[in-house]
Amino acid sequence: MKLILLLLLLCSTWEVSFAMSIHIQFMAVKLRSNSTPFAMETLPGRDSMNCATLCALRPTCFGFSWLQGLCRLFDWLAFSSTDGWQASESCDVYTRIVDSQPQTQLKLESCSQSSTHGSNVCGRAIDGNRNQDYYGDSCAHTENNPFEWWEGQLAAPSFVSYVTIYNRQDCCTNWLKIFSLQVDGVECNRVNLTVPFSVANFSCNAFGRQVRVTNLRT
Ligand SMILES: *[C@@H]1O[C@H](CO)[C@@H](O)[C@H](O)[C@H]1NC(C)=O
Ligand SMILES: *[C@@H]1O[C@H](CO)[C@@H](O)[C@H](O)[C@H]1NC(C)=O
C-alpha cells in the first residue's frame with residue numbers, strides 16, 4: 001500500500017507570489033503491527049494522510065505510525081534500531097520511500113524447514129558456505145511434497161528490502177522457480193520465473209522477524 005502525498009506550499013510576499021510542490025511517497029511497511037518504533041514526536045492526526053503531511057514537513061522524520069487519532073513520528077534510527085520496537089496497540093506503520101536507505105546485511109540466526117531430505121538440515125542454508133553443489137554438504141534440502149518451506153529467524157524484527165537466495169546448481173535448478181516469500185506470515189513477493197536462477201535478489205520490503213520461502217511448485 002502506498003500513500004502519495006503532494007505538498008503544495010503557497011507562499012506570497014507583497015510583490016511576488018510563487019508555488020512550490022514537493023512529491024513525497026510513503027509506503028505501509030507493516031499493517032496492524034503490535035509494535036512501533038520509538039516516537040520522536042506524538043501529534044494528533046485525523047488519518048494517515050494527515051500524519052504523512054506532518055512527517056513530510058520534518059526533515060528528520062523517516063515515517064510514522066497511525067493509531068486512533070494519533071500520529072507517532074519516528075526517525076531512521078528508531079526505525080532500524082537493533083533493540084527492536086516498543087510494544088503498541090495495533091497500528092499501521094508507514095515509512096518514506098527513499099532511493100538510498102542505508103542498508104545493512106541482516107543475519108538469519110536460526111531456522112526450520114517443513115521436512116528434511118537426508119542430512120540436509122535447514123542450517124546448511126545459513127552456514128556461511130555458499131557452495132551450490134548438493135553433494136558439497138552445505139545446501140538445505142526438503143523432501144518433495146507440496147508447499148515445502150524453509151524459514152529463518154532474524155535476531156530482531158527488521159525491515160527486509162530483499163532476500164538473496166542461492167539455488168542448487170548441480171542439477172534440478174527448476175525445482176525452485178515458483179515460490180512465495182513471506183515475512184511474519186505475510187507474503188511480500190510471489191515469484192514465478194520462466195528461467196531458473198542461480199543466485200538472485202528477490203525484493204520484499206516488509207518488516208518482521210521470520211523470513212519464509214514456500215515452494216509453490218506442483
Ligand atoms: C506462473 O506463470 C505462468 C505463466 O507464465 C502461469 O501459467 C502459472 O499459472 C503461474 N503459476 C503460479 C503459481 O502463479
Ligand atoms: C543483490 O543486491 C546487492 C545490493 O544491491 C548487490 O550488491 C548484489 O550484487 C545483488 N546480487 C545479485 C545476485 O543480483
# chains A, B, ... in the order shown; residues from 1 in each chain; ligands from 1
>>> residues_near_ligand(ligand="ligand 1", cutoff="9 Å", atoms="only C-alpha atoms and all ligand atoms", output="ChimeraX atom specification")
/A:178-179,190-194,216-218
>>> residues_near_ligand(ligand="ligand 2", cutoff="7 Å", atoms="only C-alpha atoms and all ligand atoms", output="list in words")
Thr164, Val199, Ala200 and Asn201 of chain A
>>> residues_around(residues="A:Thr95", least_positions_apart="6", cutoff="9 Å", atoms="only C-alpha atoms", output="PyMOL selection string")
chain A and resi 25-29+52+61-65+79
>>> write_last_selection(atoms="C-alpha atoms", output="compact mmCIF listing (two decimals), in the first residue's frame")
# COMPACT_ATOMS: atom_id res chain seq x y z
CA GLN A 25 5.68 8.95 -1.09
CA PHE A 26 5.09 6.75 1.90
CA MET A 27 4.56 3.03 1.95
CA ALA A 28 2.95 0.76 4.51
CA VAL A 29 5.68 -1.47 5.86
CA ALA A 52 2.18 11.83 6.20
CA CYS A 61 11.11 12.20 10.15
CA PHE A 62 11.51 8.84 8.42
CA GLY A 63 8.00 7.53 8.98
CA PHE A 64 5.04 7.32 11.29
CA SER A 65 2.55 5.01 12.86
CA PHE A 79 13.05 2.51 12.80
>>> closest_residue(among="A:Val160, A:Ala155, A:Ala140, A:Ala87", to="A:Glu109", atoms="only C-alpha atoms")
A:Ala155
>>> residues_around(residues="A:Asp83", least_positions_apart="6", cutoff="12 Å", atoms="only C-alpha atoms", output="NGL selection string")
:A and (36-38 or 77 or 155-158)
>>> write_last_selection(atoms="N, CA and C atoms", output="tab-separated table (two decimals), in the first residue's frame")
chain	number	residue	atom	x	y	z
A	36	THR	N	5.88	-0.58	17.50
A	36	THR	CA	6.16	0.61	16.69
A	36	THR	C	7.51	1.19	17.10
A	37	PRO	N	8.23	1.82	16.16
A	37	PRO	CA	9.50	2.45	16.53
A	37	PRO	C	9.26	3.53	17.59
A	38	PHE	N	10.25	3.78	18.43
A	38	PHE	CA	10.12	4.84	19.45
A	38	PHE	C	9.87	6.17	18.75
A	77	LEU	N	16.83	6.13	12.86
A	77	LEU	CA	17.50	5.39	13.93
A	77	LEU	C	16.52	4.53	14.72
A	155	ALA	N	17.62	-11.78	14.29
A	155	ALA	CA	17.85	-11.51	15.72
A	155	ALA	C	16.76	-10.59	16.28
A	156	ALA	N	16.32	-9.64	15.48
A	156	ALA	CA	15.29	-8.70	15.92
A	156	ALA	C	14.43	-8.36	14.70
A	157	PRO	N	13.17	-7.95	14.93
A	157	PRO	CA	12.35	-7.54	13.79
A	157	PRO	C	13.06	-6.45	13.01
A	158	SER	N	13.11	-6.58	11.71
A	158	SER	CA	13.87	-5.66	10.87
A	158	SER	C	13.14	-5.43	9.55
>>> decode(residues="stretch 26-51 of chain A", atoms="N, CA and C atoms", output="PDB file, in the first residue's frame")
ATOM      1  N   PHE A  26       4.943   7.611   0.733  1.00  0.00           N
ATOM      2  CA  PHE A  26       5.095   6.746   1.895  1.00  0.00           C
ATOM      3  C   PHE A  26       4.566   5.369   1.539  1.00  0.00           C
ATOM      4  N   MET A  27       5.116   4.359   2.168  1.00  0.00           N
ATOM      5  CA  MET A  27       4.556   3.028   1.948  1.00  0.00           C
ATOM      6  C   MET A  27       4.278   2.367   3.291  1.00  0.00           C
ATOM      7  N   ALA A  28       3.277   1.502   3.294  1.00  0.00           N
ATOM      8  CA  ALA A  28       2.945   0.759   4.512  1.00  0.00           C
ATOM      9  C   ALA A  28       3.955  -0.377   4.623  1.00  0.00           C
ATOM     10  N   VAL A  29       4.733  -0.374   5.702  1.00  0.00           N
ATOM     11  CA  VAL A  29       5.676  -1.473   5.865  1.00  0.00           C
ATOM     12  C   VAL A  29       5.114  -2.528   6.802  1.00  0.00           C
ATOM     13  N   LYS A  30       4.137  -2.139   7.615  1.00  0.00           N
ATOM     14  CA  LYS A  30       3.504  -3.133   8.476  1.00  0.00           C
ATOM     15  C   LYS A  30       2.107  -2.660   8.861  1.00  0.00           C
ATOM     16  N   LEU A  31       1.109  -3.447   8.493  1.00  0.00           N
ATOM     17  CA  LEU A  31      -0.265  -3.114   8.861  1.00  0.00           C
ATOM     18  C   LEU A  31      -0.629  -3.901  10.118  1.00  0.00           C
ATOM     19  N   ARG A  32      -1.463  -3.307  10.954  1.00  0.00           N
ATOM     20  CA  ARG A  32      -1.892  -3.941  12.218  1.00  0.00           C
ATOM     21  C   ARG A  32      -0.697  -4.492  12.997  1.00  0.00           C
ATOM     22  N   SER A  33       0.308  -3.643  13.146  1.00  0.00           N
ATOM     23  CA  SER A  33       1.511  -4.038  13.868  1.00  0.00           C
ATOM     24  C   SER A  33       1.275  -3.941  15.374  1.00  0.00           C
ATOM     25  N   ASN A  34       1.886  -4.849  16.132  1.00  0.00           N
ATOM     26  CA  ASN A  34       1.757  -4.793  17.586  1.00  0.00           C
ATOM     27  C   ASN A  34       2.950  -4.118  18.243  1.00  0.00           C
ATOM     28  N   SER A  35       3.781  -3.497  17.396  1.00  0.00           N
ATOM     29  CA  SER A  35       4.904  -2.734  17.933  1.00  0.00           C
ATOM     30  C   SER A  35       5.179  -1.580  16.990  1.00  0.00           C
ATOM     31  N   THR A  36       5.881  -0.579  17.500  1.00  0.00           N
ATOM     32  CA  THR A  36       6.164   0.606  16.695  1.00  0.00           C
ATOM     33  C   THR A  36       7.514   1.188  17.104  1.00  0.00           C
ATOM     34  N   PRO A  37       8.230   1.815  16.159  1.00  0.00           N
ATOM     35  CA  PRO A  37       9.499   2.446  16.526  1.00  0.00           C
ATOM     36  C   PRO A  37       9.263   3.528  17.587  1.00  0.00           C
ATOM     37  N   PHE A  38      10.248   3.779  18.430  1.00  0.00           N
ATOM     38  CA  PHE A  38      10.120   4.836  19.445  1.00  0.00           C
ATOM     39  C   PHE A  38       9.867   6.169  18.754  1.00  0.00           C
ATOM     40  N   ALA A  39       8.853   6.875  19.222  1.00  0.00           N
ATOM     41  CA  ALA A  39       8.459   8.124  18.554  1.00  0.00           C
ATOM     42  C   ALA A  39       9.304   9.288  19.030  1.00  0.00           C
ATOM     43  N   MET A  40       9.676  10.171  18.088  1.00  0.00           N
ATOM     44  CA  MET A  40      10.378  11.392  18.479  1.00  0.00           C
ATOM     45  C   MET A  40       9.359  12.482  18.776  1.00  0.00           C
ATOM     46  N   GLU A  41       8.147  12.299  18.279  1.00  0.00           N
ATOM     47  CA  GLU A  41       7.096  13.287  18.468  1.00  0.00           C
ATOM     48  C   GLU A  41       5.750  12.607  18.291  1.00  0.00           C
ATOM     49  N   THR A  42       4.788  12.931  19.139  1.00  0.00           N
ATOM     50  CA  THR A  42       3.440  12.382  19.002  1.00  0.00           C
ATOM     51  C   THR A  42       2.471  13.543  18.847  1.00  0.00           C
ATOM     52  N   LEU A  43       1.672  13.505  17.800  1.00  0.00           N
ATOM     53  CA  LEU A  43       0.785  14.622  17.479  1.00  0.00           C
ATOM     54  C   LEU A  43      -0.602  14.106  17.134  1.00  0.00           C
ATOM     55  N   PRO A  44      -1.634  14.913  17.395  1.00  0.00           N
ATOM     56  CA  PRO A  44      -2.965  14.480  16.957  1.00  0.00           C
ATOM     57  C   PRO A  44      -3.043  14.478  15.431  1.00  0.00           C
ATOM     58  N   GLY A  45      -3.771  13.510  14.877  1.00  0.00           N
ATOM     59  CA  GLY A  45      -3.895  13.443  13.415  1.00  0.00           C
ATOM     60  C   GLY A  45      -5.169  12.711  13.034  1.00  0.00           C
ATOM     61  N   ARG A  46      -5.865  13.236  12.067  1.00  0.00           N
ATOM     62  CA  ARG A  46      -7.157  12.662  11.653  1.00  0.00           C
ATOM     63  C   ARG A  46      -6.985  11.280  11.012  1.00  0.00           C
ATOM     64  N   ASP A  47      -6.002  11.169  10.141  1.00  0.00           N
ATOM     65  CA  ASP A  47      -5.834   9.927   9.379  1.00  0.00           C
ATOM     66  C   ASP A  47      -4.372   9.791   8.948  1.00  0.00           C
ATOM     67  N   SER A  48      -4.070   8.744   8.215  1.00  0.00           N
ATOM     68  CA  SER A  48      -2.676   8.502   7.846  1.00  0.00           C
ATOM     69  C   SER A  48      -2.153   9.578   6.889  1.00  0.00           C
ATOM     70  N   MET A  49      -3.028  10.120   6.073  1.00  0.00           N
ATOM     71  CA  MET A  49      -2.625  11.178   5.145  1.00  0.00           C
ATOM     72  C   MET A  49      -2.158  12.407   5.933  1.00  0.00           C
ATOM     73  N   ASN A  50      -2.896  12.687   6.981  1.00  0.00           N
ATOM     74  CA  ASN A  50      -2.575  13.778   7.883  1.00  0.00           C
ATOM     75  C   ASN A  50      -1.188  13.581   8.520  1.00  0.00           C
ATOM     76  N   CYS A  51      -0.927  12.370   8.968  1.00  0.00           N
ATOM     77  CA  CYS A  51       0.380  12.053   9.577  1.00  0.00           C
ATOM     78  C   CYS A  51       1.483  12.183   8.522  1.00  0.00           C
TER      79      CYS A  51
END
